[in-house]
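For reference, start.pdb (PDB, C-alpha atoms):
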ATOM      1  CA  MET A  79     114.959  27.247 119.047
ATOM      2  CA  PHE A  80     115.488  28.549 122.584
ATOM      3  CA  SER A  81     112.349  29.149 124.638
ATOM      4  CA  ILE A  82     112.793  30.600 128.129
ATOM      5  CA  LEU A  83     109.537  28.946 129.227
ATOM      6  CA  ASN A  84     111.195  25.538 128.832
ATOM      7  CA  HIS A  85     113.852  26.494 131.380
ATOM      8  CA  LEU A  86     111.757  28.171 134.075
ATOM      9  CA  ASP A  87     110.984  25.907 137.035
ATOM     10  CA  LEU A  88     107.203  26.234 137.290
ATOM     11  CA  LEU A  89     107.045  23.613 140.071
ATOM     12  CA  SER A  90     108.939  25.971 142.416
ATOM     13  CA  HIS A  91     106.173  28.584 142.190
ATOM     14  CA  ARG A  92     108.155  30.972 140.012
ATOM     15  CA  LEU A  93     105.012  31.861 138.034
ATOM     16  CA  VAL A  94     103.654  35.024 139.675
ATOM     17  CA  ARG A  95     100.792  36.130 137.449
ATOM     18  CA  GLN A  96      99.357  35.261 134.048
ATOM     19  CA  SER A  97      97.156  37.197 131.655
ATOM     20  CA  PRO A  98      95.963  36.439 128.093
ATOM     21  CA  SER A  99      98.911  38.367 126.629
ATOM     22  CA  GLU A 100     101.805  37.732 129.023
ATOM     23  CA  SER A 101     103.076  35.742 131.984
ATOM     24  CA  ARG A 102     105.020  37.269 134.867
ATOM     25  CA  PHE A 103     107.721  35.310 136.710
ATOM     26  CA  LEU A 104     110.265  35.814 139.439
ATOM     27  CA  CYS A 105     113.439  36.787 137.608
ATOM     28  CA  PRO A 106     116.117  34.106 138.168
ATOM     29  CA  VAL A 107     118.781  36.846 138.347
ATOM     30  CA  CYS A 108     117.364  39.462 140.750
ATOM     31  CA  GLU A 109     114.467  37.362 142.180
ATOM     32  CA  ASN A 110     111.964  40.190 141.739
ATOM     33  CA  ASP A 111     108.584  39.574 140.095
ATOM     34  CA  THR A 112     109.591  41.665 137.081
ATOM     35  CA  LEU A 113     110.256  39.078 134.356
ATOM     36  CA  THR A 114     107.553  39.162 131.670
ATOM     37  CA  ILE A 115     107.166  36.720 128.783
ATOM     38  CA  LEU A 116     104.752  37.351 125.924
ATOM     39  CA  THR A 117     102.280  34.508 125.424
ATOM     40  CA  ARG A 118     100.990  35.997 122.194
ATOM     41  CA  SER A 119     102.583  38.205 119.545
ATOM     42  CA  ASN A 120     101.899  41.929 119.375
ATOM     43  CA  GLN A 121     102.871  44.775 117.035
ATOM     44  CA  SER A 122     106.402  44.986 118.471
ATOM     45  CA  PHE A 123     107.448  41.467 119.501
ATOM     46  CA  GLU A 124     106.717  37.834 118.806
ATOM     47  CA  ALA A 125     105.311  35.427 121.371
ATOM     48  CA  GLY A 126     108.104  34.226 123.648
ATOM     49  CA  ALA A 127     109.902  37.575 123.859
ATOM     50  CA  TYR A 128     110.978  38.282 127.425
ATOM     51  CA  GLN A 129     112.444  41.038 129.558
ATOM     52  CA  CYS A 130     113.194  41.783 133.215
ATOM     53  CA  TRP A 131     111.935  45.273 133.991
ATOM     54  CA  ALA A 132     114.374  45.621 136.892
ATOM     55  CA  GLY A 133     117.178  45.902 134.342
ATOM     56  CA  CYS A 134     118.646  42.365 134.215
ATOM     57  CA  SER A 135     120.004  41.601 130.747
ATOM     58  CA  CYS A 136     118.542  38.776 128.676
ATOM     59  CA  ASP A 137     122.022  37.226 128.417
ATOM     60  CA  ASP A 138     122.289  37.088 132.210
ATOM     61  CA  ILE A 139     118.813  35.550 132.463
ATOM     62  CA  ARG A 140     119.710  32.832 129.946
ATOM     63  CA  GLU A 141     123.001  32.142 131.709
ATOM     64  CA  SER A 142     121.295  31.823 135.108
ATOM     65  CA  LEU A 143     118.990  29.212 133.568
ATOM     66  CA  GLY A 144     121.944  27.204 132.261
ATOM     67  CA  VAL A 145     121.698  28.365 128.654
ATOM     68  CA  PRO A 146     125.052  29.519 127.146
ATOM     69  CA  LYS A 147     125.145  33.145 126.042
ATOM     70  CA  SER A 148     126.322  32.064 122.594
ATOM     71  CA  LYS A 149     123.112  30.106 121.943
ATOM     72  CA  ARG A 150     121.029  32.220 119.611
ATOM     73  CA  SER A 151     117.298  32.141 119.036
ATOM     74  CA  GLY A 152     114.386  34.038 117.658
ATOM     75  CA  TYR A 153     113.779  35.474 121.127
ATOM     76  CA  SER A 154     117.211  36.887 121.869
ATOM     77  CA  SER A 155     117.896  40.152 123.609
ATOM     78  CA  SER A 156     118.295  41.823 120.201
ATOM     79  CA  ARG A 157     114.519  41.556 119.789
ATOM     80  CA  ILE A 158     113.830  43.328 123.057
ATOM     81  CA  ARG A 159     113.434  47.079 123.149
ATOM     82  CA  LYS A 160     116.035  48.116 125.749
ATOM     83  CA  PRO A 161     115.817  51.309 127.803
ATOM     84  CA  ALA A 162     118.391  54.005 127.166
ATOM     85  CA  LYS A 163     119.919  53.428 130.610
ATOM     86  CA  THR A 164     119.853  50.076 132.331
ATOM     87  CA  ILE A 165     119.620  50.132 136.114
ATOM     88  CA  GLN A 166     121.562  47.270 137.670
ATOM     89  CA  LEU A 167     120.993  45.784 141.091
ATOM     90  CA  PRO A 168     123.875  46.798 143.380
ATOM     91  CA  ARG A 169     123.035  43.896 145.697
ATOM     92  CA  PRO A 170     120.109  41.658 146.522
ATOM     93  CA  PRO A 171     117.785  43.025 149.233
ATOM     94  CA  ARG A 172     118.678  42.045 152.777
ATOM     95  CA  LEU A 173     115.765  40.410 154.561
ATOM     96  CA  PRO A 174     114.810  41.807 157.969
ATOM     97  CA  GLU A 175     114.747  39.382 160.893
ATOM     98  CA  GLU A 176     111.151  40.277 161.750
ATOM     99  CA  LEU A 177     108.411  42.579 160.515
ATOM    100  CA  SER A 178     105.962  44.837 162.331
ATOM    101  CA  PHE A 179     104.042  47.973 161.419
ATOM    102  CA  ILE A 180     105.429  51.294 162.632
ATOM    103  CA  SER A 181     102.842  52.873 164.908
ATOM    104  CA  ALA A 182     101.509  56.311 163.984
ATOM    105  CA  ASP A 183     100.305  59.298 165.979
ATOM    106  CA  PRO A 184      96.770  60.334 164.879
ATOM    107  CA  ALA A 185      97.483  63.861 166.138
ATOM    108  CA  LYS A 186      99.744  64.397 163.092
ATOM    109  CA  ILE A 187      96.857  64.395 160.590
ATOM    110  CA  ASN A 188      94.338  66.972 159.390
ATOM    111  CA  PHE A 189      91.081  66.096 157.647
ATOM    112  CA  GLY A 190      89.802  69.665 157.422
ATOM    113  CA  VAL A 191      86.338  70.951 158.338
ATOM    114  CA  TRP A 192      83.424  71.681 156.038
ATOM    115  CA  ASP A 193      82.467  75.356 155.858
ATOM    116  CA  GLY A 194      79.061  75.209 154.277
ATOM    117  CA  THR A 195      79.571  73.532 150.884
ATOM    118  CA  ARG A 196      83.363  73.932 150.832
ATOM    119  CA  LYS A 197      86.262  72.264 152.648
ATOM    120  CA  VAL A 198      89.995  72.958 152.423
ATOM    121  CA  THR A 199      92.467  70.399 153.784
ATOM    122  CA  GLN A 200      96.157  71.221 154.018
ATOM    123  CA  TYR A 201      98.784  68.482 153.685
ATOM    124  CA  ARG A 202     102.204  69.651 154.875
ATOM    125  CA  TYR A 203     105.319  68.065 153.341
ATOM    126  CA  SER A 204     107.811  70.458 154.939
ATOM    127  CA  THR A 205     107.883  73.881 156.573
ATOM    128  CA  SER A 206     107.773  75.507 153.127
ATOM    129  CA  GLN A 207     105.902  72.924 150.992
ATOM    130  CA  TYR A 208     102.292  71.879 151.249
ATOM    131  CA  VAL A 209      99.263  70.819 149.222
ATOM    132  CA  GLU A 210      95.707  72.102 149.559
ATOM    133  CA  ARG A 211      92.850  69.734 148.788
ATOM    134  CA  ILE A 212      89.771  71.810 147.976
ATOM    135  CA  GLU A 213      86.386  70.045 147.965
ATOM    136  CA  TRP A 214      82.990  71.512 147.243
ATOM    137  CA  MET A 215      79.389  70.447 146.696
ATOM    138  CA  GLU A 216      77.395  71.706 143.730
ATOM    139  CA  TYR A 217      74.250  70.819 141.833
ATOM    140  CA  SER A 218      74.381  69.532 138.269
ATOM    141  CA  GLN A 219      72.106  67.639 135.909
ATOM    142  CA  ASN A 220      72.857  64.495 137.931
ATOM    143  CA  GLY A 221      71.906  66.150 141.206
ATOM    144  CA  LEU A 222      74.196  67.078 144.090
ATOM    145  CA  GLU A 223      77.816  66.222 143.283
ATOM    146  CA  ARG A 224      81.103  66.434 145.186
ATOM    147  CA  ASN A 225      84.114  67.791 143.329
ATOM    148  CA  LYS A 226      87.724  68.394 144.291
ATOM    149  CA  THR A 227      90.951  69.986 143.125
ATOM    150  CA  PHE A 228      94.519  70.257 144.424
ATOM    151  CA  ARG A 229      96.948  73.177 144.693
ATOM    152  CA  GLN A 230     100.665  72.888 145.444
ATOM    153  CA  TYR A 231     102.609  75.602 147.282
ATOM    154  CA  SER A 232     106.356  75.974 147.649
ATOM    155  CA  ASN A 233     108.039  78.823 149.576
ATOM    156  CA  GLY A 234     104.814  80.801 149.598
ATOM    157  CA  SER A 235     104.232  80.580 145.832
ATOM    158  CA  LEU A 236     101.665  78.571 143.910
ATOM    159  CA  GLY A 237     103.292  75.568 142.210
ATOM    160  CA  LYS A 238     105.603  72.711 143.101
ATOM    161  CA  GLY A 239     108.745  74.826 142.780
ATOM    162  CA  THR A 240     112.244  73.547 142.050
ATOM    163  CA  GLU A 241     113.218  72.085 145.433
ATOM    164  CA  PRO A 242     112.743  68.297 145.828
ATOM    165  CA  TRP A 243     109.782  67.181 147.923
ATOM    166  CA  SER A 244     109.967  64.579 150.677
ATOM    167  CA  MET A 245     107.363  61.842 150.952
ATOM    168  CA  TYR A 246     104.236  62.791 152.871
ATOM    169  CA  GLN A 247     104.484  62.345 156.684
ATOM    170  CA  TRP A 248     108.036  61.001 156.247
ATOM    171  CA  ASP A 249     109.545  63.176 158.976
ATOM    172  CA  PHE A 250     106.988  61.882 161.511
ATOM    173  CA  ILE A 251     107.615  58.177 160.880
ATOM    174  CA  SER A 252     109.536  56.944 163.899
ATOM    175  CA  GLY A 253     109.324  54.509 166.764
ATOM    176  CA  SER A 254     109.298  50.739 166.987
ATOM    177  CA  GLY A 255     108.532  48.609 163.931
ATOM    178  CA  ASN A 256     109.882  48.671 160.392
ATOM    179  CA  VAL A 257     106.924  48.399 157.959
ATOM    180  CA  VAL A 258     105.003  51.349 156.492
ATOM    181  CA  LEU A 259     102.148  51.420 154.008
ATOM    182  CA  LEU A 260     103.089  53.010 150.675
ATOM    183  CA  LEU A 261      99.776  54.328 149.336
ATOM    184  CA  GLU A 262      98.456  56.696 146.679
ATOM    185  CA  GLY A 263      97.200  60.029 147.957
ATOM    186  CA  GLU A 264      97.411  61.984 151.187
ATOM    187  CA  LYS A 265      93.835  61.188 152.213
ATOM    188  CA  SER A 266      94.543  57.449 152.330
ATOM    189  CA  VAL A 267      97.784  58.110 154.211
ATOM    190  CA  ASP A 268      96.014  60.217 156.859
ATOM    191  CA  THR A 269      93.271  57.603 157.256
ATOM    192  CA  SER A 270      95.940  54.987 157.894
ATOM    193  CA  TRP A 271      97.525  57.278 160.511
ATOM    194  CA  GLN A 272      94.084  57.714 162.075
ATOM    195  CA  HIS A 273      94.125  53.933 162.638
ATOM    196  CA  ARG A 274      97.676  54.152 164.064
ATOM    197  CA  ILE A 275      99.548  52.576 161.121
ATOM    198  CA  ALA A 276     102.323  54.703 159.628
ATOM    199  CA  ALA A 277     101.913  55.340 155.904
ATOM    200  CA  THR A 278     103.402  57.612 153.266
ATOM    201  CA  CYS A 279     103.112  58.585 149.600
ATOM    202  CA  PRO A 280     104.994  60.735 147.092
ATOM    203  CA  GLN A 281     103.445  64.052 146.107
ATOM    204  CA  GLY A 282     101.320  64.148 142.981
ATOM    205  CA  SER A 283     101.368  61.584 140.184
ATOM    206  CA  SER A 284     104.158  62.776 137.853
ATOM    207  CA  TYR A 285     107.165  61.837 139.987
ATOM    208  CA  THR A 286     110.262  60.837 138.028
ATOM    209  CA  ASP A 287     112.473  57.752 138.188
ATOM    210  CA  ASN A 288     115.077  59.855 139.978
ATOM    211  CA  ASP A 289     112.480  60.848 142.593
ATOM    212  CA  LEU A 290     111.682  57.194 143.273
ATOM    213  CA  LEU A 291     115.368  56.268 143.448
ATOM    214  CA  ARG A 292     115.847  59.024 146.033
ATOM    215  CA  TYR A 293     112.873  57.774 148.053
ATOM    216  CA  SER A 294     114.107  54.177 147.767
ATOM    217  CA  SER A 295     117.484  55.187 149.160
ATOM    218  CA  GLN A 296     115.692  56.752 152.125
ATOM    219  CA  PHE A 297     113.806  53.502 152.770
ATOM    220  CA  LEU A 298     117.100  51.632 152.590
ATOM    221  CA  ASP A 299     118.988  54.044 154.873
ATOM    222  CA  ARG A 300     116.327  53.800 157.594
ATOM    223  CA  ARG A 301     115.765  50.068 157.067
ATOM    224  CA  ILE A 302     112.065  50.694 156.500
ATOM    225  CA  VAL A 303     110.105  48.071 154.577
ATOM    226  CA  PRO A 304     107.432  49.501 152.245
ATOM    227  CA  LEU A 305     104.193  47.568 151.823
ATOM    228  CA  VAL A 306     102.927  48.912 148.491
ATOM    229  CA  ILE A 307      99.142  49.015 148.004
ATOM    230  CA  PRO A 308      98.586  50.516 144.530
ATOM    231  CA  ASP A 309      95.312  51.805 143.138
ATOM    232  CA  HIS A 310      93.499  49.116 141.167
ATOM    233  CA  ASP A 311      93.727  50.715 137.724
ATOM    234  CA  LEU A 312      96.184  51.081 134.870
ATOM    235  CA  ALA A 313      97.774  54.207 136.345
ATOM    236  CA  GLY A 314      98.241  52.444 139.673
ATOM    237  CA  GLU A 315      99.874  49.462 137.986
ATOM    238  CA  ARG A 316     102.266  51.692 136.062
ATOM    239  CA  LYS A 317     103.266  53.510 139.251
ATOM    240  CA  LEU A 318     103.778  50.151 140.964
ATOM    241  CA  GLN A 319     106.171  49.004 138.237
ATOM    242  CA  LYS A 320     108.158  52.229 138.638
ATOM    243  CA  TRP A 321     108.428  51.553 142.374
ATOM    244  CA  VAL A 322     109.501  47.949 141.738
ATOM    245  CA  LYS A 323     112.215  49.155 139.381
ATOM    246  CA  ALA A 324     113.503  51.705 141.925
ATOM    247  CA  PHE A 325     113.386  49.252 144.852
ATOM    248  CA  SER A 326     115.218  46.645 142.804
ATOM    249  CA  ALA A 327     117.927  49.110 141.840
ATOM    250  CA  SER A 328     118.398  50.219 145.458
ATOM    251  CA  GLY A 329     118.222  46.769 147.033
ATOM    252  CA  VAL A 330     115.110  47.595 149.098
ATOM    253  CA  PHE A 331     113.087  44.708 150.514
ATOM    254  CA  TYR A 332     109.407  45.394 149.789
ATOM    255  CA  SER A 333     106.042  43.674 149.506
ATOM    256  CA  ILE A 334     102.833  44.267 147.527
ATOM    257  CA  ALA A 335      99.184  43.942 148.569
ATOM    258  CA  ARG A 336      96.253  44.261 146.186
ATOM    259  CA  LEU A 337      93.090  46.210 147.024
ATOM    260  CA  PRO A 338      90.647  43.568 145.646
ATOM    261  CA  SER A 339      91.960  41.084 148.242
ATOM    262  CA  PHE A 340      90.426  43.144 151.071
ATOM    263  CA  HIS A 341      86.973  42.393 152.466
ATOM    264  CA  GLY A 342      84.208  44.529 150.963
ATOM    265  CA  TRP A 343      86.409  46.270 148.401
ATOM    266  CA  GLN A 344      84.526  48.080 145.632
ATOM    267  CA  PRO A 345      85.883  49.321 142.296
ATOM    268  CA  THR A 346      87.267  52.889 142.660
ATOM    269  CA  TRP A 347      87.895  52.334 146.405
ATOM    270  CA  ASP A 348      91.298  52.873 147.967
ATOM    271  CA  MET A 349      92.620  52.403 151.503
ATOM    272  CA  HIS A 350      90.661  55.423 152.743
ATOM    273  CA  GLU A 351      87.305  53.826 151.933
ATOM    274  CA  LEU A 352      88.345  50.400 153.198
ATOM    275  CA  LEU A 353      89.501  51.714 156.572
ATOM    276  CA  SER A 354      86.479  54.027 156.827
ATOM    277  CA  VAL A 355      83.793  51.452 155.956
ATOM    278  CA  TYR A 356      85.403  48.156 157.035
ATOM    279  CA  PRO A 357      88.034  49.111 159.635
ATOM    280  CA  ILE A 358      87.977  45.822 161.586
ATOM    281  CA  HIS A 359      88.179  43.602 158.495
ATOM    282  CA  THR A 360      90.868  45.778 156.887
ATOM    283  CA  LEU A 361      93.055  45.894 159.997
ATOM    284  CA  HIS A 362      92.625  42.143 160.510
ATOM    285  CA  ARG A 363      93.843  41.461 156.972
ATOM    286  CA  LEU A 364      96.815  43.815 157.362
ATOM    287  CA  TYR A 365      97.971  42.489 160.743
ATOM    288  CA  ASN A 366      96.991  38.819 160.620
ATOM    289  CA  GLU A 367      97.230  37.860 156.939
ATOM    290  CA  ILE A 368      99.385  40.238 154.900
ATOM    291  CA  LEU A 369     102.089  41.052 157.479
ATOM    292  CA  PRO A 370     102.828  37.383 158.405
ATOM    293  CA  GLY A 371     103.030  36.487 154.705
ATOM    294  CA  MET A 372     105.465  39.216 153.659
ATOM    295  CA  MET A 373     108.608  37.144 154.244
ATOM    296  CA  PRO A 374     109.236  35.065 151.087
ATOM    297  CA  ARG A 375     108.962  31.345 151.752
ATOM    298  CA  ARG A 376     111.795  30.563 149.378
ATOM    299  CA  LYS A 377     114.111  32.768 151.460
ATOM    300  CA  GLN A 378     113.042  31.238 154.785
ATOM    301  CA  GLN A 379     113.708  27.711 153.511
ATOM    302  CA  THR A 380     117.303  28.526 152.547
ATOM    303  CA  ALA A 381     118.125  30.654 155.594
TER     304      ALA A 381
END

Let me see the file written as structure tokens.
Amino acid sequence: MFSILNHLDLLSHRLVRQSPSESRFLCPVCENDTLTILTRSNQSFEAGAYQCWAGCSCDDIRESLGVPKSKRSGYSSSRIRKPAKTIQLPRPPRLPEELSFISADPAKINFGVWDGTRKVTQYRYSTSQYVERIEWMEYSQNGLERNKTFRQYSNGSLGKGTEPWSMYQWDFISGSGNVVLLLEGEKSVDTSWQHRIAATCPQGSSYTDNDLLRYSSQFLDRRIVPLVIPDHDLAGERKLQKWVKAFSASGVFYSIARLPSFHGWQPTWDMHELLSVYPIHTLHRLYNEILPGMMPRRKQQTA
């Protein structure tokens, strides 16, 4: 019986991450960390079932590992639930010769000002599209609490409208360098700009696959390398996988950094808190540890 685990070269560091229910590997076809293999059975699939979430077919994965397509097994592609449309890689991502953060102008941000117990911060995406972050303080049974809500405006009307939105601060990203932080939420983006590192994010949390493909094409056209730092929760992980799928389809070179790897990180914190509370440690990790390690070693050895 064919088992893909018997054909993966674990000694070449292809194992990316392992959990009690699945292992994640670098896909031998597209070389993205999107190949998952079940280590225990669930309601849908048996242990050993595998799939590349960037769209590579199971037949192509077997063939790249030296297993003929005609060899059948209990873990064939027929056991994998395939998406309605498979996105194929047009080409492997082209590695940049060097990496450096794009510098940002702190004058382009707006943190708002408290007016008593209320603060309104406006995040502009274009001349006709913006988001208002409304924060207020109020007393409850647990004492004084801080609450917030968001309102989207398009062409003077409340709501997101029908016109596509650009990524936040995208039009202001320019200058030397080629790496930007891809974060979650305008507040984290503005805090990064306050520390002179260009960052961006899509608007809201319900962006579609087509939105991310459009954004990925913009990264590719401008030869900008996104450093994705997702929120450390299930929603953040799901958004990250959507980004990985879009980057893989567009051929965008990208990298991922995890919030728990930063000094002083606390659960529920994002880049805003890290840069606000531990700016020196956070900037040191970004510039001196994460940035130098973004170029894959396997690529450098074969260059």

Check: Which is closest to Leu298 (chain A) among A:Val355, A:Leu104, A:Val330, A:Ala277, if we use all atoms listed in the file?
Finding: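 That would be A:Val330, the residue with the smallest distance to Leu298 (chain A).
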
Notebook entry, point to check: Any idea what the distance is between CA of Asp289 (chain A) and CA of Gln200 (chain A)?
Noted result: 22.5 Å

Next item on the list: Please identify all polymer residues within 9 Å of Lys186 (chain A), counting all atoms listed in the file, omitting same-chain residues fewer than 4 positions from it, and present them as number ranges by chain.
Entry: A: 182, 247, 250, 268, 271-272

Need the axis-aligned box for region 125-130 of chain A with 3 Å each side, so what are the centre and edges in Å to one decimal, as JSON?
{"center_x": 109.3, "center_y": 38.0, "center_z": 127.3, "size_x": 13.9, "size_y": 13.6, "size_z": 17.8}

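From CA of Pro304 (chain A) back to CA of Ser333 (chain A), the distance works out to 6.6 Å.
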
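Residue nearest Pro308 (chain A), chosen from A:Glu262, A:His350, A:Ala327, A:Ile275 and counting all atoms listed in the file: A:Glu262.
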
Note to self: Please enumerate the residues selected by the PyMOL selection byres ((chain A and resi 195) around 10) when evaluated against the supplied file, formatted as a VMD selection string.
What the structure shows: chain A and resid 192 to 194 196 to 197 213 to 216 224

Next item on the list: Apply the PyMOL selection byres ((chain A and resi 364) around 12) to the displayed file and report the matching residues as a PyMOL selection string.
Entry: chain A and resi 178-179+257-259+270+273+275+305-307+334-337+339-341+349+352-353+357-363+365-372
